[in-house]
$ cat structure_32.tsv   # TSV, C-alpha atoms and all ligand atoms
chain	number	residue	atom	x	y	z
A	1	MET	CA	83.79	115.91	86.61
A	2	THR	CA	86.74	117.97	87.79
A	3	ILE	CA	88.94	119.62	85.16
A	4	ARG	CA	92.29	120.49	86.67
A	5	LYS	CA	94.31	123.16	84.89
A	6	LEU	CA	98.05	122.50	84.98
A	7	THR	CA	99.30	125.20	82.62
A	8	ASP	CA	97.65	127.49	80.06
A	9	SER	CA	97.73	124.66	77.54
A	10	VAL	CA	97.64	121.48	79.63
A	11	PHE	CA	94.56	120.20	81.47
A	12	ASN	CA	93.80	117.02	83.42
A	13	VAL	CA	90.36	115.87	82.25
A	14	GLY	CA	90.54	112.40	83.79
A	15	VAL	CA	88.12	110.84	86.24
A	16	ILE	CA	88.58	110.84	90.02
A	17	ASP	CA	87.32	107.56	91.45
A	18	TRP	CA	86.75	108.52	95.07
A	19	SER	CA	85.22	105.27	96.24
A	20	ARG	CA	86.93	102.47	94.33
A	21	GLN	CA	88.13	99.97	96.89
A	22	LEU	CA	89.92	97.29	94.90
A	23	PHE	CA	92.13	97.25	91.79
A	24	ASP	CA	92.63	94.13	89.65
A	25	GLU	CA	90.32	92.45	92.18
A	26	LEU	CA	93.46	92.22	94.35
A	27	ILE	CA	94.93	95.55	95.41
A	28	PRO	CA	93.10	97.49	98.15
A	29	LEU	CA	92.69	101.22	97.44
A	30	PRO	CA	92.37	102.95	100.84
A	31	ASP	CA	92.59	106.40	99.20
A	32	GLY	CA	90.57	105.70	96.03
A	33	THR	CA	92.32	106.54	92.76
A	34	SER	CA	92.13	108.62	89.59
A	35	TYR	CA	92.48	107.79	85.89
A	36	ASN	CA	94.17	110.93	84.64
A	37	ALA	CA	93.86	111.96	80.99
A	38	TYR	CA	95.56	115.10	79.74
A	39	ILE	CA	94.64	117.55	77.02
A	40	VAL	CA	97.54	119.41	75.40
A	41	VAL	CA	96.46	122.35	73.28
A	42	GLY	CA	98.83	123.43	70.50
A	43	SER	CA	98.44	126.33	68.06
A	44	ASP	CA	97.44	123.92	65.25
A	45	LYS	CA	96.44	120.63	66.85
A	46	THR	CA	95.15	119.26	70.14
A	47	ALA	CA	96.17	115.96	71.73
A	48	LEU	CA	94.48	113.87	74.40
A	49	ILE	CA	96.95	111.77	76.37
A	50	ASP	CA	95.32	108.51	77.53
A	51	THR	CA	91.63	108.10	78.37
A	52	SER	CA	89.98	106.63	81.43
A	53	ASP	CA	88.57	103.49	83.00
A	54	PRO	CA	85.73	101.91	80.99
A	55	ALA	CA	83.55	101.89	84.12
A	56	LYS	CA	83.41	105.73	84.00
A	57	PRO	CA	82.31	106.77	80.46
A	58	GLU	CA	79.85	109.47	81.51
A	59	GLU	CA	82.23	111.11	83.96
A	60	PHE	CA	84.93	111.13	81.26
A	61	ARG	CA	82.57	112.52	78.64
A	62	ARG	CA	81.51	115.34	80.98
A	63	GLY	CA	85.18	116.23	81.55
A	64	LEU	CA	85.83	116.49	77.82
A	65	GLU	CA	82.67	118.53	77.28
A	66	GLY	CA	83.71	121.02	79.95
A	67	LEU	CA	86.81	121.99	77.97
A	68	PRO	CA	87.08	125.15	75.85
A	69	VAL	CA	88.56	123.04	72.98
A	70	LYS	CA	86.01	121.04	71.02
A	71	LYS	CA	88.31	119.19	68.63
A	72	VAL	CA	90.99	116.58	69.36
A	73	ASP	CA	93.33	115.50	66.56
A	74	TYR	CA	95.46	112.90	68.31
A	75	ILE	CA	94.80	110.48	71.14
A	76	ILE	CA	98.06	109.30	72.64
A	77	ALA	CA	97.98	105.81	74.16
A	78	ASN	CA	100.89	105.45	76.57
A	79	HIS	CA	99.66	102.11	77.93
A	80	ALA	CA	97.16	99.46	76.84
A	81	GLU	CA	95.80	98.55	80.28
A	82	GLN	CA	92.08	99.21	80.42
A	83	ASP	CA	92.09	101.88	83.13
A	84	HIS	CA	93.77	104.19	80.58
A	85	SER	CA	92.72	102.75	77.24
A	86	GLY	CA	89.22	101.44	77.93
A	87	LEU	CA	87.53	104.59	76.65
A	88	LEU	CA	89.61	104.92	73.45
A	89	PRO	CA	86.66	103.73	71.29
A	90	MET	CA	84.40	106.33	72.92
A	91	ALA	CA	86.97	109.10	72.40
A	92	LEU	CA	87.45	108.10	68.74
A	93	GLN	CA	83.71	108.23	68.24
A	94	LYS	CA	83.47	111.65	69.87
A	95	TYR	CA	86.36	113.15	67.89
A	96	SER	CA	85.82	111.87	64.36
A	97	GLY	CA	88.98	111.93	62.29
A	98	ALA	CA	91.25	111.68	65.34
A	99	LYS	CA	94.03	109.10	65.28
A	100	ILE	CA	95.42	106.99	68.10
A	101	VAL	CA	99.17	107.58	68.42
A	102	THR	CA	101.14	104.78	70.03
A	103	ASN	CA	103.99	102.31	69.56
A	104	GLU	CA	103.76	99.04	67.62
A	105	LYS	CA	103.51	96.80	70.69
A	106	CYS	CA	100.79	98.91	72.28
A	107	LYS	CA	98.83	98.94	69.02
A	108	GLU	CA	99.04	95.16	68.87
A	109	ILE	CA	97.70	94.78	72.43
A	110	LEU	CA	94.97	97.40	71.94
A	111	LEU	CA	93.73	95.63	68.81
A	112	GLU	CA	93.45	92.40	70.85
A	113	HIS	CA	91.43	94.00	73.61
A	114	LEU	CA	89.28	96.73	72.09
A	115	PRO	CA	86.97	97.18	69.09
A	116	LEU	CA	89.51	99.25	67.11
A	117	GLU	CA	90.76	99.06	63.51
A	118	THR	CA	94.35	99.14	62.34
A	119	ASP	CA	93.62	102.33	60.36
A	120	ASP	CA	92.74	104.11	63.60
A	121	PHE	CA	96.45	104.24	64.50
A	122	ILE	CA	99.59	106.24	63.84
A	123	VAL	CA	102.57	104.18	65.02
A	124	VAL	CA	105.56	105.96	66.54
A	125	SER	CA	109.00	104.69	67.49
A	126	ASP	CA	111.37	105.62	70.32
A	127	GLY	CA	112.29	109.32	70.25
A	128	GLU	CA	109.86	110.24	67.46
A	129	THR	CA	108.07	113.59	67.66
A	130	LEU	CA	104.62	114.89	66.78
A	131	SER	CA	103.97	118.57	66.15
A	132	LEU	CA	100.89	120.33	67.51
A	133	GLY	CA	102.07	123.66	66.05
A	134	ASN	CA	103.81	125.59	68.79
A	135	LYS	CA	104.01	122.43	70.97
A	136	THR	CA	105.89	119.21	70.26
A	137	LEU	CA	105.23	115.81	71.77
A	138	GLN	CA	108.11	113.34	71.93
A	139	PHE	CA	107.63	109.65	72.65
A	140	PHE	CA	109.96	107.38	74.59
A	141	LEU	CA	109.48	103.64	74.80
A	142	ALA	CA	109.64	102.57	78.44
A	143	PRO	CA	108.99	98.83	78.48
A	144	TRP	CA	108.17	96.98	81.68
A	145	VAL	CA	106.92	99.79	83.88
A	146	HIS	CA	104.87	97.78	84.04
A	147	TRP	CA	103.79	96.16	80.75
A	148	PRO	CA	105.93	95.42	77.67
A	149	GLU	CA	104.36	98.26	75.67
A	150	THR	CA	104.55	101.13	78.20
A	151	MET	CA	105.62	104.51	76.78
A	152	PHE	CA	106.27	108.04	78.08
A	153	THR	CA	105.13	111.22	76.33
A	154	PHE	CA	107.19	114.40	76.77
A	155	LEU	CA	105.98	117.90	75.95
A	156	LYS	CA	109.29	119.34	74.81
A	157	GLU	CA	108.74	123.12	74.97
A	158	ASP	CA	107.39	123.01	78.54
A	159	ARG	CA	109.41	119.93	79.63
A	160	ILE	CA	106.31	118.20	80.97
A	161	LEU	CA	106.47	114.43	81.30
A	162	PHE	CA	103.44	112.13	81.02
A	163	PRO	CA	104.79	108.74	82.20
A	164	CYS	CA	101.40	107.00	82.61
A	165	ASP	CA	101.52	104.50	85.54
A	166	PHE	CA	105.21	105.19	86.28
A	167	LEU	CA	105.66	107.48	89.35
A	168	GLY	CA	101.89	107.47	90.01
A	169	SER	CA	99.83	106.86	93.12
A	170	HIS	CA	96.40	105.49	93.86
A	171	TYR	CA	95.32	108.71	95.59
A	172	ALA	CA	92.04	110.47	94.87
A	173	THR	CA	92.30	114.23	95.23
A	174	ALA	CA	90.69	117.22	93.57
A	175	GLU	CA	94.03	119.06	93.83
A	176	ALA	CA	95.95	119.23	90.55
A	177	PHE	CA	99.33	119.07	92.24
A	178	SER	CA	100.90	116.96	94.95
A	179	ASP	CA	101.45	118.77	98.24
A	180	ASP	CA	104.41	116.41	98.77
A	181	SER	CA	102.91	115.36	102.10
A	182	GLN	CA	103.49	112.09	103.91
A	183	ARG	CA	100.07	110.93	102.65
A	184	VAL	CA	101.12	111.35	99.02
A	185	TYR	CA	104.51	109.79	99.75
A	186	ARG	CA	102.92	106.74	101.36
A	187	ALA	CA	100.37	106.36	98.53
A	188	ALA	CA	103.19	106.55	95.96
A	189	LYS	CA	105.26	104.04	97.93
A	190	ARG	CA	102.31	101.67	98.13
A	191	TYR	CA	101.83	102.06	94.37
A	192	TYR	CA	105.53	101.40	93.68
A	193	ALA	CA	105.46	98.34	95.94
A	194	GLU	CA	102.39	96.80	94.36
A	195	ILE	CA	102.95	97.66	90.70
A	196	MET	CA	106.57	98.58	89.97
A	197	MET	CA	108.73	96.68	92.50
A	198	PRO	CA	108.86	93.42	90.49
A	199	PHE	CA	110.46	95.48	87.66
A	200	ARG	CA	113.13	97.19	89.78
A	201	SER	CA	115.90	96.98	87.18
A	202	PHE	CA	113.67	98.55	84.48
A	203	VAL	CA	112.52	101.19	86.95
A	204	LYS	CA	116.17	102.13	87.62
A	205	LYS	CA	116.88	102.49	83.91
A	206	HIS	CA	113.80	104.60	83.21
A	207	LEU	CA	114.49	106.81	86.24
A	208	GLU	CA	117.84	107.72	84.70
A	209	LYS	CA	116.06	108.64	81.48
A	210	VAL	CA	113.59	110.84	83.36
A	211	ARG	CA	116.44	112.58	85.22
A	212	MET	CA	118.09	113.24	81.85
A	213	LEU	CA	114.90	114.83	80.48
A	214	ASN	CA	114.88	117.09	83.55
A	215	PRO	CA	111.11	117.68	83.56
A	216	THR	CA	109.58	120.74	85.21
A	217	LEU	CA	106.35	118.85	85.84
A	218	ILE	CA	105.53	115.14	86.04
A	219	CYS	CA	101.94	114.17	85.25
A	220	PRO	CA	101.27	110.49	85.96
A	221	SER	CA	98.03	108.70	85.14
A	222	HIS	CA	97.09	108.04	88.76
A	223	GLY	CA	97.21	110.58	91.58
A	224	PRO	CA	98.33	114.22	91.60
A	225	ALA	CA	100.98	115.80	89.34
A	226	TYR	CA	104.39	116.67	90.76
A	227	LYS	CA	105.39	120.33	90.52
A	228	ASN	CA	108.53	119.37	92.37
A	229	PRO	CA	109.73	116.31	90.38
A	230	GLY	CA	112.59	115.81	92.86
A	231	PHE	CA	110.06	114.71	95.49
A	232	ILE	CA	109.01	111.59	93.60
A	233	LEU	CA	112.29	110.95	91.75
A	234	SER	CA	114.34	110.92	94.96
A	235	ALA	CA	111.79	108.64	96.62
A	236	TYR	CA	111.94	106.19	93.72
A	237	GLU	CA	115.75	106.32	93.63
A	238	SER	CA	115.86	105.30	97.28
A	239	TRP	CA	113.29	102.50	96.79
A	240	VAL	CA	115.13	100.97	93.82
A	241	SER	CA	118.62	101.37	95.27
A	242	ASP	CA	120.37	98.22	96.52
A	243	SER	CA	120.53	99.50	100.10
A	244	VAL	CA	118.08	98.30	102.75
A	245	GLU	CA	116.95	99.59	106.14
A	246	PRO	CA	117.87	97.52	109.20
A	247	ARG	CA	114.33	96.40	109.97
A	248	VAL	CA	112.54	93.08	110.58
A	249	VAL	CA	109.07	92.72	109.07
A	250	ILE	CA	107.11	89.81	110.55
A	251	PRO	CA	104.04	88.78	108.54
A	252	TYR	CA	102.18	86.20	110.63
A	253	VAL	CA	98.92	84.47	111.37
A	254	SER	CA	98.10	82.80	114.67
A	255	MET	CA	95.36	80.16	114.74
A	256	HIS	CA	95.30	79.33	118.44
A	257	GLY	CA	97.73	81.76	120.07
A	258	SER	CA	101.06	79.88	119.85
A	259	THR	CA	102.40	81.78	116.83
A	260	GLU	CA	101.26	85.04	118.39
A	261	ALA	CA	103.20	84.22	121.58
A	262	ILE	CA	106.30	83.44	119.46
A	263	VAL	CA	105.95	86.67	117.48
A	264	ASP	CA	105.38	88.76	120.63
A	265	TYR	CA	108.52	87.29	122.14
A	266	LEU	CA	110.56	88.10	119.02
A	267	VAL	CA	109.17	91.63	118.77
A	268	ASN	CA	110.27	92.23	122.34
A	269	ALA	CA	113.70	90.64	121.69
A	270	PHE	CA	114.35	92.86	118.65
A	271	THR	CA	113.10	95.94	120.48
A	272	GLN	CA	115.43	95.21	123.42
A	273	LYS	CA	118.31	95.01	120.96
A	274	SER	CA	117.25	98.26	119.24
A	275	LEU	CA	116.43	96.62	115.92
A	276	ASP	CA	113.36	98.10	114.27
A	277	VAL	CA	110.57	95.51	113.99
A	278	ILE	CA	107.09	95.56	112.40
A	279	PRO	CA	104.70	92.66	113.10
A	280	LEU	CA	101.86	92.37	110.58
A	281	ASN	CA	98.93	90.13	111.45
A	282	MET	CA	97.85	89.14	107.95
A	283	THR	CA	94.27	88.42	108.99
A	284	VAL	CA	93.73	92.14	109.64
A	285	LYS	CA	96.39	93.94	107.54
A	286	ASP	CA	95.81	94.58	103.87
A	287	LEU	CA	98.28	93.48	101.22
A	288	GLY	CA	99.31	97.06	100.47
A	289	GLU	CA	100.45	97.61	104.07
A	290	LEU	CA	102.65	94.54	103.76
A	291	ALA	CA	103.92	95.61	100.31
A	292	ILE	CA	104.97	99.06	101.61
A	293	GLU	CA	106.93	97.57	104.50
A	294	ILE	CA	108.89	95.14	102.33
A	295	VAL	CA	110.11	97.81	99.87
A	296	ASP	CA	113.25	98.51	101.88
A	297	ALA	CA	113.31	96.26	104.96
A	298	SER	CA	116.47	94.18	105.35
A	299	THR	CA	114.74	91.16	106.90
A	300	LEU	CA	111.54	89.19	106.51
A	301	LEU	CA	110.62	86.74	109.25
A	302	PHE	CA	107.47	84.67	108.74
A	303	GLY	CA	105.29	83.48	111.62
A	304	VAL	CA	103.51	80.44	110.23
A	305	PRO	CA	101.09	77.99	111.84
A	306	THR	CA	100.74	74.52	110.33
A	307	MET	CA	97.62	73.28	108.60
A	308	LEU	CA	97.54	69.73	107.18
A	309	LEU	CA	101.37	69.69	107.43
A	310	GLY	CA	101.74	72.78	105.17
A	311	PRO	CA	101.58	76.54	105.83
A	312	GLN	CA	98.24	77.97	106.96
A	313	PRO	CA	96.71	79.11	103.60
A	314	GLN	CA	96.68	82.85	104.39
A	315	MET	CA	100.42	82.66	105.02
A	316	LEU	CA	100.99	80.57	101.90
A	317	TYR	CA	99.16	83.28	99.94
A	318	THR	CA	101.24	85.99	101.65
A	319	MET	CA	104.47	84.23	100.74
A	320	ALA	CA	103.34	83.68	97.13
A	321	LEU	CA	102.54	87.38	96.82
A	322	ILE	CA	105.91	88.42	98.26
A	323	ASN	CA	107.60	86.03	95.86
A	324	ALA	CA	105.81	87.74	92.95
A	325	LEU	CA	106.70	91.26	94.18
A	326	LYS	CA	110.41	90.34	94.48
A	327	PRO	CA	111.52	92.78	97.19
A	328	LYS	CA	115.23	93.47	97.72
A	329	THR	CA	115.14	91.81	101.17
A	330	LYS	CA	118.55	90.48	102.26
A	331	TYR	CA	117.62	88.02	105.03
A	332	LEU	CA	114.78	85.55	105.46
A	333	SER	CA	113.70	83.54	108.46
A	334	LEU	CA	110.70	81.58	109.63
A	335	VAL	CA	109.17	80.43	112.89
A	336	ASN	CA	106.68	77.63	112.56
A	337	SER	CA	104.19	76.38	115.11
A	338	TYR	CA	102.89	72.83	114.71
A	339	GLY	CA	100.87	70.20	116.56
A	340	TRP	CA	102.22	66.78	115.50
A	341	GLY	CA	104.08	67.11	112.16
A	342	THR	CA	105.17	69.81	109.73
A	343	LYS	CA	106.57	70.45	106.26
A	344	VAL	CA	106.15	74.22	106.50
A	345	THR	CA	109.81	75.20	106.11
A	346	GLU	CA	110.24	73.20	102.88
A	347	ALA	CA	107.00	74.67	101.48
A	348	ALA	CA	108.04	78.23	102.43
A	349	LYS	CA	111.48	77.90	100.80
A	350	ALA	CA	109.90	76.57	97.61
A	351	THR	CA	107.27	79.33	97.58
A	352	LEU	CA	109.84	82.11	98.04
A	353	SER	CA	112.21	80.87	95.34
A	354	ASN	CA	112.33	84.22	93.47
A	355	LEU	CA	113.97	86.00	96.40
A	356	LYS	CA	117.74	86.35	96.32
A	357	ALA	CA	117.97	86.51	100.10
A	358	GLU	CA	119.93	84.48	102.66
A	359	TRP	CA	117.92	82.17	104.91
A	360	VAL	CA	119.29	82.96	108.38
A	361	ASP	CA	117.67	80.11	110.32
A	362	THR	CA	114.26	78.58	110.82
A	363	ILE	CA	112.63	77.26	113.96
A	364	ALA	CA	109.73	74.83	114.29
A	365	ILE	CA	108.04	74.81	117.69
A	366	LYS	CA	105.69	72.03	118.82
A	367	GLY	CA	102.68	73.37	120.70
A	368	TYR	CA	102.86	76.43	122.93
A	369	PRO	CA	106.47	77.72	123.22
A	370	LYS	CA	108.40	76.52	126.31
A	371	ALA	CA	111.67	77.51	127.99
A	372	LYS	CA	113.92	75.72	125.45
A	373	ASP	CA	111.94	77.29	122.61
A	374	PHE	CA	112.40	80.77	124.02
A	375	GLU	CA	116.14	80.07	124.20
A	376	ALA	CA	116.07	79.08	120.51
A	377	LEU	CA	114.14	82.28	119.71
A	378	ASP	CA	116.77	84.31	121.59
A	379	ARG	CA	119.48	82.70	119.47
A	380	LEU	CA	117.54	83.43	116.28
A	381	ALA	CA	116.98	87.06	117.29
A	382	GLY	CA	120.72	87.36	118.10
A	383	LEU	CA	121.68	86.01	114.67
A	384	ILE	CA	119.35	88.43	112.91
A	385	VAL	CA	120.61	91.37	114.95
A	386	GLU	CA	124.18	90.36	114.08
A	387	LYS	CA	123.34	90.22	110.38
A	388	ASN	CA	121.86	93.71	110.62
A	389	HIS	CA	124.96	94.99	112.47
A	390	VAL	CA	122.92	96.89	115.02
B	401	LIG	FE1	97.00	102.20	85.55
B	401	LIG	FE2	98.82	99.63	84.26
B	401	LIG	O1	97.34	100.70	84.51
$ encode --input "structure_32.tsv" --output "structure tokens" --more "lines below"
Ligand code: FEO
Amino acid sequence: MTIRKLTDSVFNVGVIDWSRQLFDELIPLPDGTSYNAYIVVGSDKTALIDTSDPAKPEEFRRGLEGLPVKKVDYIIANHAEQDHSGLLPMALQKYSGAKIVTNEKCKEILLEHLPLETDDFIVVSDGETLSLGNKTLQFFLAPWVHWPETMFTFLKEDRILFPCDFLGSHYATAEAFSDDSQRVYRAAKRYYAEIMMPFRSFVKKHLEKVRMLNPTLICPSHGPAYKNPGFILSAYESWVSDSVEPRVVIPYVSMHGSTEAIVDYLVNAFTQKSLDVIPLNMTVKDLGELAIEIVDASTLLFGVPTMLLGPQPQMLYTMALINALKPKTKYLSLVNSYGWGTKVTEAAKATLSNLKAEWVDTIAIKGYPKAKDFEALDRLAGLIVEKNHV
């Protein structure tokens, strides 16, 4: 239990999960995570904003018991996903008479997932306020960052924003505030890539709203709070912008060395032409490392071996994941190694159908690459360099 004081009336009582390694049984967490829950103490009433992951009830209970305030009147639910709502029943039991404050959509989802009753709720609409005495909470609906019911809570007098998942990071730290280091930046970028990137147009819209609110402090539900909101807002604005960095990311797998030889050759070709290139061997890189790199790279080039005429399954999975994340990539390409027959290019194009990118060219190479294949790779590298105007 680590209570982190943010101001005289705002405390983070959430749980730090130092050793969690996987989220949604999919996303690797190299830096652990936290499930932040905030107490806002007003002159008349006290509010708890979100709860914690249902796997951590005792840690959460100890946090609440360490507080000077013993009564909570309102429990704000900004988001129905379990890592923030899973301990709502426990919090209601602890604070008898408290009400859950949320929007209609969130209430509907919470009632489907948790043992709660409709009378447990106060429903609020966009812009509505709730008085705690000398403090006022205002609620803003913020759908699709990243569920349909997501909502922000704003403490008006202090201009503190509680945007739940939005602007967060899977980053376990006992520090209350971000030190705006490269480590925090990278954790936030990884979080954006994995959770928010598929909703880029909604993210853009909600960023404008946050800028308009001009918060002094941003307190997300994962990772440290931002005392300097410009740090995270500027980062997000660059990630969601339409501009890309001239960079080739090459996710690949090599079964017997041919694809690796092709990728090595291309890496050298791009390097010689001063185009930034990042090869990612998907048998050893985690999905988050790939997700970070595709946030703003101009070009994705897949290195794919053939298995039973289709893409090697790890690469098929990689392409399916990229298709779901919908990066703003502008150019796509593929080099395919095969033994006697292949339908890899057709499968790749079908798998990546969500991406609004231009296919530059694709090359299929039979066996280990030979002189004519290296010439074809040189032409492909030249085309990609030209597209990137390096
Ligand atoms: Fe951190 Fe969407 O839950």
$ residues_near_ligand --input "structure_32.tsv" --ligand "ligand LIG 401 (chain B)" --cutoff "10 Å" --atoms "only C-alpha atoms and all ligand atoms" --output "PDB file with C-alpha atoms, in the frame of the given file"
ATOM      1  CA  PHE A  23      92.130  97.250  91.790  1.00  0.00           C
ATOM      2  CA  ASP A  24      92.630  94.130  89.650  1.00  0.00           C
ATOM      3  CA  THR A  33      92.320 106.540  92.760  1.00  0.00           C
ATOM      4  CA  SER A  34      92.130 108.620  89.590  1.00  0.00           C
ATOM      5  CA  TYR A  35      92.480 107.790  85.890  1.00  0.00           C
ATOM      6  CA  ASN A  36      94.170 110.930  84.640  1.00  0.00           C
ATOM      7  CA  SER A  52      89.980 106.630  81.430  1.00  0.00           C
ATOM      8  CA  ASP A  53      88.570 103.490  83.000  1.00  0.00           C
ATOM      9  CA  ASN A  78     100.890 105.450  76.570  1.00  0.00           C
ATOM     10  CA  HIS A  79      99.660 102.110  77.930  1.00  0.00           C
ATOM     11  CA  ALA A  80      97.160  99.460  76.840  1.00  0.00           C
ATOM     12  CA  GLU A  81      95.800  98.550  80.280  1.00  0.00           C
ATOM     13  CA  GLN A  82      92.080  99.210  80.420  1.00  0.00           C
ATOM     14  CA  ASP A  83      92.090 101.880  83.130  1.00  0.00           C
ATOM     15  CA  HIS A  84      93.770 104.190  80.580  1.00  0.00           C
ATOM     16  CA  SER A  85      92.720 102.750  77.240  1.00  0.00           C
ATOM     17  CA  VAL A 145     106.920  99.790  83.880  1.00  0.00           C
ATOM     18  CA  HIS A 146     104.870  97.780  84.040  1.00  0.00           C
ATOM     19  CA  TRP A 147     103.790  96.160  80.750  1.00  0.00           C
ATOM     20  CA  THR A 150     104.550 101.130  78.200  1.00  0.00           C
ATOM     21  CA  CYS A 164     101.400 107.000  82.610  1.00  0.00           C
ATOM     22  CA  ASP A 165     101.520 104.500  85.540  1.00  0.00           C
ATOM     23  CA  PHE A 166     105.210 105.190  86.280  1.00  0.00           C
ATOM     24  CA  GLY A 168     101.890 107.470  90.010  1.00  0.00           C
ATOM     25  CA  SER A 169      99.830 106.860  93.120  1.00  0.00           C
ATOM     26  CA  HIS A 170      96.400 105.490  93.860  1.00  0.00           C
ATOM     27  CA  ILE A 195     102.950  97.660  90.700  1.00  0.00           C
ATOM     28  CA  MET A 196     106.570  98.580  89.970  1.00  0.00           C
ATOM     29  CA  PRO A 220     101.270 110.490  85.960  1.00  0.00           C
ATOM     30  CA  SER A 221      98.030 108.700  85.140  1.00  0.00           C
ATOM     31  CA  HIS A 222      97.090 108.040  88.760  1.00  0.00           C
TER      32      HIS A 222
END
$ atom_distance --input "structure_32.tsv" --atom1 "CA of Tyr74 (chain A)" --atom2 "CA of Thr173 (chain A)"
27.1 Å
$ closest_atom_pairs --input "structure_32.tsv" --of "region 109-143 of chain A" --to "region 89-93 of chain A" --cutoff "12 Å" --atoms "all atoms listed in the file" --output "JSON lines"
{"residue": "A:Leu110", "atom": "CA", "partner": "A:Pro89", "partner_atom": "CA", "distance": 10.5}
{"residue": "A:Leu111", "atom": "CA", "partner": "A:Pro89", "partner_atom": "CA", "distance": 11.0}
{"residue": "A:His113", "atom": "CA", "partner": "A:Pro89", "partner_atom": "CA", "distance": 11.1}
{"residue": "A:Leu114", "atom": "CA", "partner": "A:Pro89", "partner_atom": "CA", "distance": 7.5}
{"residue": "A:Pro115", "atom": "CA", "partner": "A:Pro89", "partner_atom": "CA", "distance": 6.9}
{"residue": "A:Leu116", "atom": "CA", "partner": "A:Pro89", "partner_atom": "CA", "distance": 6.8}
{"residue": "A:Glu117", "atom": "CA", "partner": "A:Pro89", "partner_atom": "CA", "distance": 10.0}
{"residue": "A:Asp119", "atom": "CA", "partner": "A:Leu92", "partner_atom": "CA", "distance": 11.9}
{"residue": "A:Asp120", "atom": "CA", "partner": "A:Leu92", "partner_atom": "CA", "distance": 8.4}
{"residue": "A:Phe121", "atom": "CA", "partner": "A:Leu92", "partner_atom": "CA", "distance": 10.7}
$ residues_around --input "structure_32.tsv" --residues "region 329-338 of chain A" --least-positions-apart "3" --cutoff "8 Å" --atoms "only C-alpha atoms" --output "ChimeraX atom specification"
/A:244,258-259,262,294-306,341-342,344-345,355-368
$ residues_around --input "structure_32.tsv" --residues "region 211-214 of chain A" --least-positions-apart "6" --cutoff "12 Å" --atoms "all atoms listed in the file" --output "list of chain:residue names"
A:Gly127, A:Gln138, A:Phe139, A:Phe140, A:Phe152, A:Thr153, A:Phe154, A:Leu155, A:Lys156, A:Glu157, A:Asp158, A:Arg159, A:Ile160, A:Leu161, A:Phe162, A:Pro163, A:Lys204, A:Lys205, A:Asn228, A:Pro229, A:Gly230, A:Ile232, A:Leu233, A:Ser234, A:Tyr236, A:Glu237
$ write_last_selection --input "structure_32.tsv" --atoms "C-alpha atoms" --output "short mmCIF file (atom, residue, chain, number, x, y, z; two decimals), in the frame of the given file"
data_model
loop_
_atom_site.label_atom_id
_atom_site.label_comp_id
_atom_site.auth_asym_id
_atom_site.auth_seq_id
_atom_site.Cartn_x
_atom_site.Cartn_y
_atom_site.Cartn_z
CA GLY A 127 112.29 109.32 70.25
CA GLN A 138 108.11 113.34 71.93
CA PHE A 139 107.63 109.65 72.65
CA PHE A 140 109.96 107.38 74.59
CA PHE A 152 106.27 108.04 78.08
CA THR A 153 105.13 111.22 76.33
CA PHE A 154 107.19 114.40 76.77
CA LEU A 155 105.98 117.90 75.95
CA LYS A 156 109.29 119.34 74.81
CA GLU A 157 108.74 123.12 74.97
CA ASP A 158 107.39 123.01 78.54
CA ARG A 159 109.41 119.93 79.63
CA ILE A 160 106.31 118.20 80.97
CA LEU A 161 106.47 114.43 81.30
CA PHE A 162 103.44 112.13 81.02
CA PRO A 163 104.79 108.74 82.20
CA LYS A 204 116.17 102.13 87.62
CA LYS A 205 116.88 102.49 83.91
CA ASN A 228 108.53 119.37 92.37
CA PRO A 229 109.73 116.31 90.38
CA GLY A 230 112.59 115.81 92.86
CA ILE A 232 109.01 111.59 93.60
CA LEU A 233 112.29 110.95 91.75
CA SER A 234 114.34 110.92 94.96
CA TYR A 236 111.94 106.19 93.72
CA GLU A 237 115.75 106.32 93.63
#
$ closest_residue --input "structure_32.tsv" --among "A:Gly223, A:Phe231, A:Glu293, A:Ala98" --to "Ile250 (chain A)" --atoms "all atoms listed in the file"
A:Glu293
$ closest_residue --input "structure_32.tsv" --among "A:Ser181, A:Thr7, A:Thr283, A:Asn134" --to "Pro313 (chain A)" --atoms "all atoms listed in the file"
A:Thr283
$ closest_residue --input "structure_32.tsv" --among "A:Gly133, A:Gly310, A:Gly97, A:Gly339" --to "Thr351 (chain A)" --atoms "only C-alpha atoms"
A:Gly310
$ atom_distance --input "structure_32.tsv" --atom1 "CA of Glu112 (chain A)" --atom2 "CA of Ser96 (chain A)"
21.9 Å
$ closest_residue --input "structure_32.tsv" --among "A:Val267, A:Ala172, A:Ile100, A:Ile322" --to "Met197 (chain A)" --atoms "only C-alpha atoms"
A:Ile322
$ residues_near_point --input "structure_32.tsv" --point "(109.0, 74.6, 98.4)" --cutoff "12 Å" --atoms "all atoms listed in the file" --output "mmCIF file with C-alpha atoms, in the frame of the given file"
data_model
loop_
_atom_site.group_PDB
_atom_site.id
_atom_site.type_symbol
_atom_site.label_atom_id
_atom_site.label_comp_id
_atom_site.auth_asym_id
_atom_site.auth_seq_id
_atom_site.Cartn_x
_atom_site.Cartn_y
_atom_site.Cartn_z
ATOM 1 C CA GLY A 310 101.740 72.780 105.170
ATOM 2 C CA PRO A 311 101.580 76.540 105.830
ATOM 3 C CA LEU A 316 100.990 80.570 101.900
ATOM 4 C CA MET A 319 104.470 84.230 100.740
ATOM 5 C CA ALA A 320 103.340 83.680 97.130
ATOM 6 C CA ASN A 323 107.600 86.030 95.860
ATOM 7 C CA LYS A 343 106.570 70.450 106.260
ATOM 8 C CA VAL A 344 106.150 74.220 106.500
ATOM 9 C CA THR A 345 109.810 75.200 106.110
ATOM 10 C CA GLU A 346 110.240 73.200 102.880
ATOM 11 C CA ALA A 347 107.000 74.670 101.480
ATOM 12 C CA ALA A 348 108.040 78.230 102.430
ATOM 13 C CA LYS A 349 111.480 77.900 100.800
ATOM 14 C CA ALA A 350 109.900 76.570 97.610
ATOM 15 C CA THR A 351 107.270 79.330 97.580
ATOM 16 C CA LEU A 352 109.840 82.110 98.040
ATOM 17 C CA SER A 353 112.210 80.870 95.340
ATOM 18 C CA ASN A 354 112.330 84.220 93.470
#
